[in-house]
Structure formats: structure tokens, C-alpha cells
Amino acid sequence: MLVILLESMGSFCSRPQSINKADAEENAQAAEIERRIAQETKAEQHIHKLLLLGAGESGKSTIFKQIKLLFQTGFDEAELRSYTPVIHANVYQTIKILYDGAKELAQNESSSSKYVISPDNKEVGEKLSEIGSRLDYPLLTKEIAQEIKKLWQDAAIQETCSCGNLLQVPDCAQYFMENLERLCEVDYVPTKEDVLYARVRTTGVVEIQFSPVGENRKSGEVYRLYDVGGQRNERRKWIHLFEGVTAIIFCAAISEYDQMLFEDETKNRMMETKELFDWVLKQSCFEKTSFMLFLNKFDIFEKKVQKVPLSVCEWFKDYQPTASGKQEVEHAYEFVKKKFEELYFQSSKPDRVDRVFKIYRTTALDQKLVKKTFKLVDETLRRRNLIEAGLL
Amino acid sequence: MPQYQKPPSWKLEGGGQVMDLETFVKDGILGGGGIAGGGIPGAGEKLDLKKMIEELETVGEEIPTVFICPISLEPMVDPVTLCTGQTYERSNILKWFSMGHLTCPTTMQELWDDTVTPNHTLHHLIHTWFSQRYLRFKKRSEDVHGRAAELISALRNKVKGQARVQALKELQKLVFSHQSIKKTIADNGGIALLSSLLGPFTSHAVGSEAVAILVNLSLDSESKVVLMQPAKISLVVDMLNEGTIETKINCTRFIEILMGEKDFRHEILSSLSLLVGLLRLVKDRRHPTGIASGVGLLKKICSHKQVRNLVVSIGAVPQLVELLPNLNPDCLESALQILDDLASIPEGRAALKDCSQTIPNTVRLLMRVSESCTQYALSILSAVCKLAPEECASTAVEAGLAAKLLLVMQSGCNPDLKHRSAELLKLCSLNYTATLFISKCKLTRTIQ
């Protein structure tokens, strides 16, 4: 490329031999820069842009972390330690929500007696509630952890937790409460699993570049993955990312069919996801984009669907349970899957029917599962590439 | 071994396959370490030879012409020579004699001597040739069966990645080349194994090979029920949407095979992904085999009432109508049947009416291809015209419907068809005066 540039330059410059050296050097430099730009543009074209979209708490950031663990160097000790304050914050937030929630339910609910905190836990409860409302949380010491543990084991708190759908109890609540002893140790370094459970509301955009190396150790495609915030006020930032996207990984937490939004407690989360998915599908910039729908939080869904009927969600109101146990779970899952399929085909104009649309059942916290799922996503995208290049 | 000068190749009368002397020497058929044939043909040997000839027929190897009886054109089991020097199968030439002919069939010469002499040399050659080929075939067969069993146990031992795909590809090739492998696979638990390979995390590469093999095996009821699991069906539907044309056709066949099972769960068919995939297959002009496959399955699907609504909702009606002019007769009949089935629901009728090509395309097909096509086309037209008599009837008449209906009524087709044509004709004529209508029919006679 450099040679061609120089040659063509040579034919332009018909000045006599007195062309001064500085000019020639300048030209050479310019050519070098041109060459570098051309190279990088070419390289950029081979990078596939993947976008993680979805409502708040649908599991996008967890998937993001998993990809980091699987295909990059993972988290080093410094990064792991950086999550300690987040995890401690999660603990304080959780116990506050539970305590405040129990108090509220004790006042309003008809069978209020089961939400009444036992008297010897009340003082601790009030203290923790106050701590949880601060902007900065204190260090999680063994003493505080003991108090939290005691409160957690209160019958009223347990009862409150089981109707967590009415409050904004995060999904990591159980996990962190059960691991309190470990979390409060002086030299605590979060494990990978702890990091995956840690909950921070993403704001802005985060990106990583990675290449899923194939089993033959041949280099695979290069992907750039973008993670965004899912809450409503974050969504206006999405539009800046919408150009040139190879595939959208849309995360929908299917376990939240009975929960309300964090940013609007009157709106059912599943309905919000439905509308959001519909909106994304209709964007004109995604005409040729592949859609990978991750029906996430299947582990929670599994347990919930046997206790809370799907029909509590308006979208699923025509659901009829047929069996029970594992078969019922499968049946319920297939129902939800079909609903999303229907939505996809209704929202896609006929000229978009050719884009790739696949549904995957995921549990973002399970690394093996995410790895297997991503292998399939990768295969699909590579095939798509070949088909578009006319090679298949 | 005496040195043979390669003689000029034997040329038979009327040209024929030249016997390659070198190959025969190499194969040992002409003696020198080859497989021993018999000396004097005995009854036991003849049977063997007959059996070998039969089994080797399937292999399709070309038999040297000198071994073929000129009368029956079959390889000779007991060759005998006449005084003219021509050789025939004993039973055939004797039959020829018994019919009163005393001539040599090929040279047409009159025979001066009616004795038939057994041709030991030729018999020996034929026997040896067939024996060699037979033994080779048997060995290859065993090899093949052994290889198939090997592949199946390799797959069972969870060989991964590319190796797995390669094993499946090889197994598929074996199934195609040797029909008898199917039984070997079934006996070795191959069906259950292939079935277990299909799941939510199966890659496209593995899945497409497994399905390609499965559609060629005979599956029992139990296996089919296992294959109906939602996760497996999801995978097959995905591959139907994304695979190569061969994969798509295999997936279509797969679902058809399952549909034949009495415990088939019809909810499987209410999958939008499946229907959209099939429709895409049907529209793909580059692959006529794909169109035939897709139309066939779609026809079977539309015979189930519950799914018809979904089929209409994905826009199948206008797309099928637009395809009609380009389909070959078999696909055409199936496509018309689909549209007829869809016309039985209100949404289908509405879609047919809304599509501008419905009337012209169906009118054109009346009395053009076959009676069943005419029947379906008529049924569709009746449905559309009954839905919106004013606009549709006039469009239809402008497209030449009236003349075609008269043709139907005058043809030799079944009475029911004629009756329906008459009804439709009456319906169409309602908005016209008699004279105007007759002119539209281009008739000279009055109609009732």
C-alpha cells in the first residue's frame, strides 16, 4: 500500500530535482499515517459489535462479567478486591429493604401478625435500617455481621423475603445472607462467584473486546461487547450505540413475571420487558441485526413457577398448568418462549423475517451454561457471516 | 509364468465391452495363483454361481459382454456352444430349439449339427470372475458393518468437536452407500445415541449431521416419541431456518416422519418459527427440491385446523398465491390444497380476497393442469366470490372465469365439480344483464 502511494505520489510530483528533503519526508510521513488509518479501518470492519440490552436487573452485567471471565484474563486480585465495598453495600441494602418491608407489611397486610419483628430484634433492625439509608456504608465487621445474621433469621424477615416480589428485594439476597461469615472476614477477597452475584446498577456504557478461541486454538471472530444500564432513565443513552451492530443479546429475566419495576412500582416487570423488546425490534437500524434472546434467571423461574402461577402476569393470563413438578416447569417455559416468539414475529415486518432470531435458556450465574450458550451464539454468527459472504 | 505378449484386444462381433487381458491376469482369473474355480461344473457350483450373480446385481458392476447370453442378455450360468461357435445359456438355446428353430440365433446360420457342447472354459472364467467380485463385496460389506459399529461406539464414548462431526459425516456416507447399515445402526443402539445428541446445546454442525442420518433410518414408535421432546424440536426448527438446503430438507422430512406417529403432539406445529421457516423454504426459487419439500409439509400441517390461523397470520396466503404460476404440477396441487384449507377459516378468506393475484392466478389454473387442481381452484374462487360478490365476481369475470366455468361444465369431470361450477357461474352472473354476461362468456348459446 505504501509502495502504491509513493508511486502515485511520484507521478504527481513533477517538480524538478530541487524538491527539498523536508517536503519529501513530510510526504512520506503522511503516507505512513494514511496507511495506518487504512489498516485500522480494515481491522475495525472485522470486529463484530454485540450489544447487551434489556430491562433493569435482567442479567446483562452478569453476562458481561461471565464473558470477561471466560474469554479474557478474568479478574485479577485488585479487581476482585474492588468488589468488596459493592458486596458489603448489597448486604446493607438488602437487610434494610427486608426490615422496612416487614414493618410496612405488618401495618398494611391483613395477616399482619406474621410480619411483626420479634421485640429483641427491633433495636438492631432500626439501627441497620438507618445505616442502610446512608450514602456511605461502614465496614462490615464481624459484630455487625452477627447482628445482621440474627435479624435475617427472624421469622418475620423470612416471611417478608418469601413475598419479595412486592418489594425490591434483589435476587442476590439469599446468597449473601448465607455467606455472611465469609464476607465479613478481615482479609476477605471476593470469589468469582461473589463477584457474579454482586449487584450494581450499571450507568453509562461499558465495553470489552474479546475473541472466543476455538478448540483448534485457531483465532475466532473478534467481538466487542457493550453493556448498558437497563433502567428507564439509562435507555436514552442506548441510541448512540445503535449503529453497525452485528447482534443484540437481549436479556429477559423470566422469573420476574410477578415483580414490579424499581423505577416505577406500578409497572409489572414482564410487561416492561415485553414493551422494551417490541420497541427494540422495531428500530430501523436493526433491520439486518441478529437477535439473540436470552431467557434468563431460569433457576429462579424453576422454583417460582411451582408456587406462583404464570397467569398473575397479564401477558401470560391465558396460561393453563397441565402437570406438576419438572414437567410443569418445562411446560411453563415453553409457554413463555412461545409468547416471546409470537411477539417477535408480530413486531417484525415481513422484510425483516430473514434476520436471525434465536432463543436461549440461560442462568447467567452458571459459568458452564454461559460458556455453552455463547459457543452456540458464536457458531450462529459465524454461519451468518459465511451466508452473507455467499459462501454457504 | 509364460510371458504373454499382449495380444490385440478381443473385439466381439457388434463391438462390445473389451476384455482387459491385463486385468484378468492380474486378478488371477486366467490362472496363476488366482482363486480356484471349479473344473467340471457340478450342480452345487451352478447354484453358487446363480446366488452370486443375484447378489452382485445390486452392486451394479459392469459384466464383460462375453459372459452374457445373447438371447436373455443375462450372465450365463451354464454356457453351451453350438456348431457355429456361438455360446448361449443352455436353457435358453434349448427353448429356442423346442420352438422349432434349428438356426443359430446370432449368426442366423442353419445348424448342421444340433448338439450343444458345454463350454467349460467360459464357465470357469465366469465363475472365477463372479467369485472374486463376490468375495470382495462380502469383505467390503463386513468392513462396512464393522466400521459403522466402530463409529457408533466412538460417538457413544463422547468424542468431541470436529472428530464428532467427522464421525457423523462418515456414518452418513455409509448409510447412503450400503442400505444394510441401517439395521446395524439400529442393532447397536445407534438411534438412541443419535437422538441423545440432539439437545438445547447441540451445535448446528453436529445437529445437522445427526438429523441427516436419522431421517434415513426406520424409527420405531418409542424413538419417535423421544424425538418429539421440545428441546429437540426447537433445535430442528432452528436448523430448518438456518441450514443449507440439504439440512432444511432433512429437517422437513424429520418433522413429517414424526407427524406420522399417532401420539404426535400437535402443539409442535403451532410454532411460528417453524411456519416462517417453511414459508421461506417454499419461496426460495433457487432450490426446487426445497420448494417441493416445504409445500409438502405445509400441506400436511394445514390439514390440522388449529394451525390454520397461525399460517394465515404469517402472511402465507399472498406469498403462496404469488408462487402459483411458477410451481410444477405436483407442488401446484399441494399449494392449491393449502390455500383451499386456509379458505375454510374467515381470516384465510379475507387474506385471499385482499391479495390481488388470487383471482387471476386461480382462474388461469382452471382446466389447465389436472382435475384436482381445477377442483381446488374452483373451491378457492367460490369462497372468495361468496365473501365479496360484487367486487370479486366482476374481477373474476373480467379474468375470463365465465368461459372457464363453462368449459368445466362441458368436460368429463365428476358431477359434483360441474354442479359447483354451475353455482359459481350463477353467482357471477347476478350482477350482469344476460346479454352482457353472454358476451363475457364468448358463447353463442344461451345459458340457463
# chains A, B, ... in the order shown; residues from 1 in each chain; ligands from 1
call {"tool": "interface_residues", "arguments": {"of": "chain B", "to": "chain A", "cutoff": "7 Å", "atoms": "only C-alpha atoms", "output": "ChimeraX atom specification"}}
result
/B:201,203,272
call {"tool": "select_by_dssp", "arguments": {"residues": "segment 270-385 of chain A", "states": "strand (DSSP E or B)", "output": "ChimeraX atom specification"}}
result
/A:290-296,357-361
call {"tool": "closest_residue", "arguments": {"among": "A:Leu196, A:Val205, A:Leu98, A:Ala22", "to": "Glu159 of chain A", "atoms": "only C-alpha atoms"}}
result
A:Leu98
call {"tool": "residues_around", "arguments": {"residues": "Thr358 of chain B", "least_positions_apart": "2", "cutoff": "9 Å", "atoms": "only C-alpha atoms", "output": "list in words"}}
result
Pro318, Val321, Glu322, Leu352, Lys353, Asp354, Cys355, Ser356, Pro360, Asn361, Thr362, Val363, Ile380, Leu381 and Val384 of chain B
call {"tool": "closest_residue", "arguments": {"among": "A:Lys150, A:Lys274, A:Lys326, A:Arg269", "to": "Lys122 of chain A", "atoms": "only C-alpha atoms"}}
result
A:Lys150
call {"tool": "select_by_dssp", "arguments": {"residues": "segment 319-359 of chain B", "states": "alpha helix (DSSP H)", "output": "number ranges by chain"}}
result
B: 319-323, 329-342, 346-354, 358-359
call {"tool": "closest_residue", "arguments": {"among": "B:Gly190, B:Leu387, B:Ser270, B:Ser394", "to": "Arg156 of chain B", "atoms": "only C-alpha atoms"}}
result
B:Gly190
call {"tool": "residues_around", "arguments": {"residues": "Ile338 of chain B", "least_positions_apart": "5", "cutoff": "12 Å", "atoms": "only C-alpha atoms", "output": "PyMOL selection string"}}
result
chain B and resi 294-305+307-308+311-312+316-317+319-321+324+331-333+343-345+348+352+373+376-377+379-380
call {"tool": "residues_around", "arguments": {"residues": "segment 57-74 of chain A", "least_positions_apart": "2", "cutoff": "8 Å", "atoms": "only C-alpha atoms", "output": "list of chain:residue names"}}
result
A:Leu52, A:Leu53, A:Gly54, A:Ala55, A:Asp76, A:Leu196, A:Tyr197, A:Arg201, A:Thr202, A:Ile208, A:Phe210, A:Ser211, A:Pro212, A:Val213, A:Leu225, A:Asp227, A:Val228, A:Gly230, A:Cys251, A:Ala252, A:Ala253, A:Asn296, A:Lys297, A:Ala364, A:Leu365, A:Gln367, A:Val370, A:Lys371
call {"tool": "write_last_selection", "arguments": {"atoms": "C-alpha atoms", "output": "PDB file, in the first residue's frame"}}
result
ATOM      1  CA  LEU A  52     -26.398  -6.350  25.638  1.00  0.00           C
ATOM      2  CA  LEU A  53     -29.856  -4.866  26.031  1.00  0.00           C
ATOM      3  CA  GLY A  54     -32.711  -5.466  28.425  1.00  0.00           C
ATOM      4  CA  ALA A  55     -34.687  -4.025  31.296  1.00  0.00           C
ATOM      5  CA  ASP A  76      -7.134 -10.232  38.991  1.00  0.00           C
ATOM      6  CA  LEU A 196     -21.064 -12.523  39.733  1.00  0.00           C
ATOM      7  CA  TYR A 197     -23.730 -12.059  42.384  1.00  0.00           C
ATOM      8  CA  ARG A 201     -26.883  -0.624  38.795  1.00  0.00           C
ATOM      9  CA  THR A 202     -24.970  -0.024  35.600  1.00  0.00           C
ATOM     10  CA  ILE A 208     -14.822  -5.224  26.310  1.00  0.00           C
ATOM     11  CA  PHE A 210     -12.585 -10.442  23.125  1.00  0.00           C
ATOM     12  CA  SER A 211     -12.065 -13.359  20.823  1.00  0.00           C
ATOM     13  CA  PRO A 212     -13.577 -16.718  21.702  1.00  0.00           C
ATOM     14  CA  VAL A 213     -10.736 -19.028  20.865  1.00  0.00           C
ATOM     15  CA  LEU A 225     -19.400  -6.405  23.747  1.00  0.00           C
ATOM     16  CA  ASP A 227     -23.109  -3.410  28.439  1.00  0.00           C
ATOM     17  CA  VAL A 228     -25.608  -0.692  29.312  1.00  0.00           C
ATOM     18  CA  GLY A 230     -31.355  -1.058  31.881  1.00  0.00           C
ATOM     19  CA  CYS A 251     -31.772 -10.357  28.267  1.00  0.00           C
ATOM     20  CA  ALA A 252     -35.188 -11.021  29.716  1.00  0.00           C
ATOM     21  CA  ALA A 253     -35.471 -12.298  33.257  1.00  0.00           C
ATOM     22  CA  ASN A 296     -32.537 -15.539  31.878  1.00  0.00           C
ATOM     23  CA  LYS A 297     -32.832 -16.449  35.557  1.00  0.00           C
ATOM     24  CA  ALA A 364     -26.296 -16.109  33.871  1.00  0.00           C
ATOM     25  CA  LEU A 365     -24.689 -17.145  37.131  1.00  0.00           C
ATOM     26  CA  GLN A 367     -20.460 -20.252  34.052  1.00  0.00           C
ATOM     27  CA  VAL A 370     -22.990 -19.378  29.689  1.00  0.00           C
ATOM     28  CA  LYS A 371     -19.953 -20.857  28.001  1.00  0.00           C
TER      29      LYS A 371
END
call {"tool": "residues_around", "arguments": {"residues": "Ser234 of chain B", "least_positions_apart": "2", "cutoff": "9 Å", "atoms": "only C-alpha atoms", "output": "list in words"}}
result
Gly199, Pro200, Gln229, Pro230, Ala231, Lys232, Val236, Val237, Asp238, Met239, Ser273 and Leu274 of chain B
call {"tool": "closest_residue", "arguments": {"among": "B:Ser293, B:Leu217, B:Ser141, B:His266", "to": "Asn250 of chain B", "atoms": "only C-alpha atoms"}}
result
B:Ser293
call {"tool": "residues_around", "arguments": {"residues": "Arg134 of chain A", "least_positions_apart": "6", "cutoff": "12 Å", "atoms": "only C-alpha atoms", "output": "list in words"}}
result
Ala89, Tyr92, Gln93, Lys96, Lys127 and Leu128 of chain A
call {"tool": "write_last_selection", "arguments": {"atoms": "C-alpha atoms", "output": "short mmCIF file (atom, residue, chain, number, x, y, z; two decimals), in the first residue's frame"}}
result
data_model
loop_
_atom_site.label_atom_id
_atom_site.label_comp_id
_atom_site.auth_asym_id
_atom_site.auth_seq_id
_atom_site.Cartn_x
_atom_site.Cartn_y
_atom_site.Cartn_z
CA ALA A 89 -23.28 -2.38 50.24
CA TYR A 92 -26.74 -3.42 53.99
CA GLN A 93 -29.22 -2.59 51.26
CA LYS A 96 -32.74 -2.57 55.15
CA LYS A 127 -30.07 0.66 63.55
CA LEU A 128 -29.46 -1.31 60.34
#
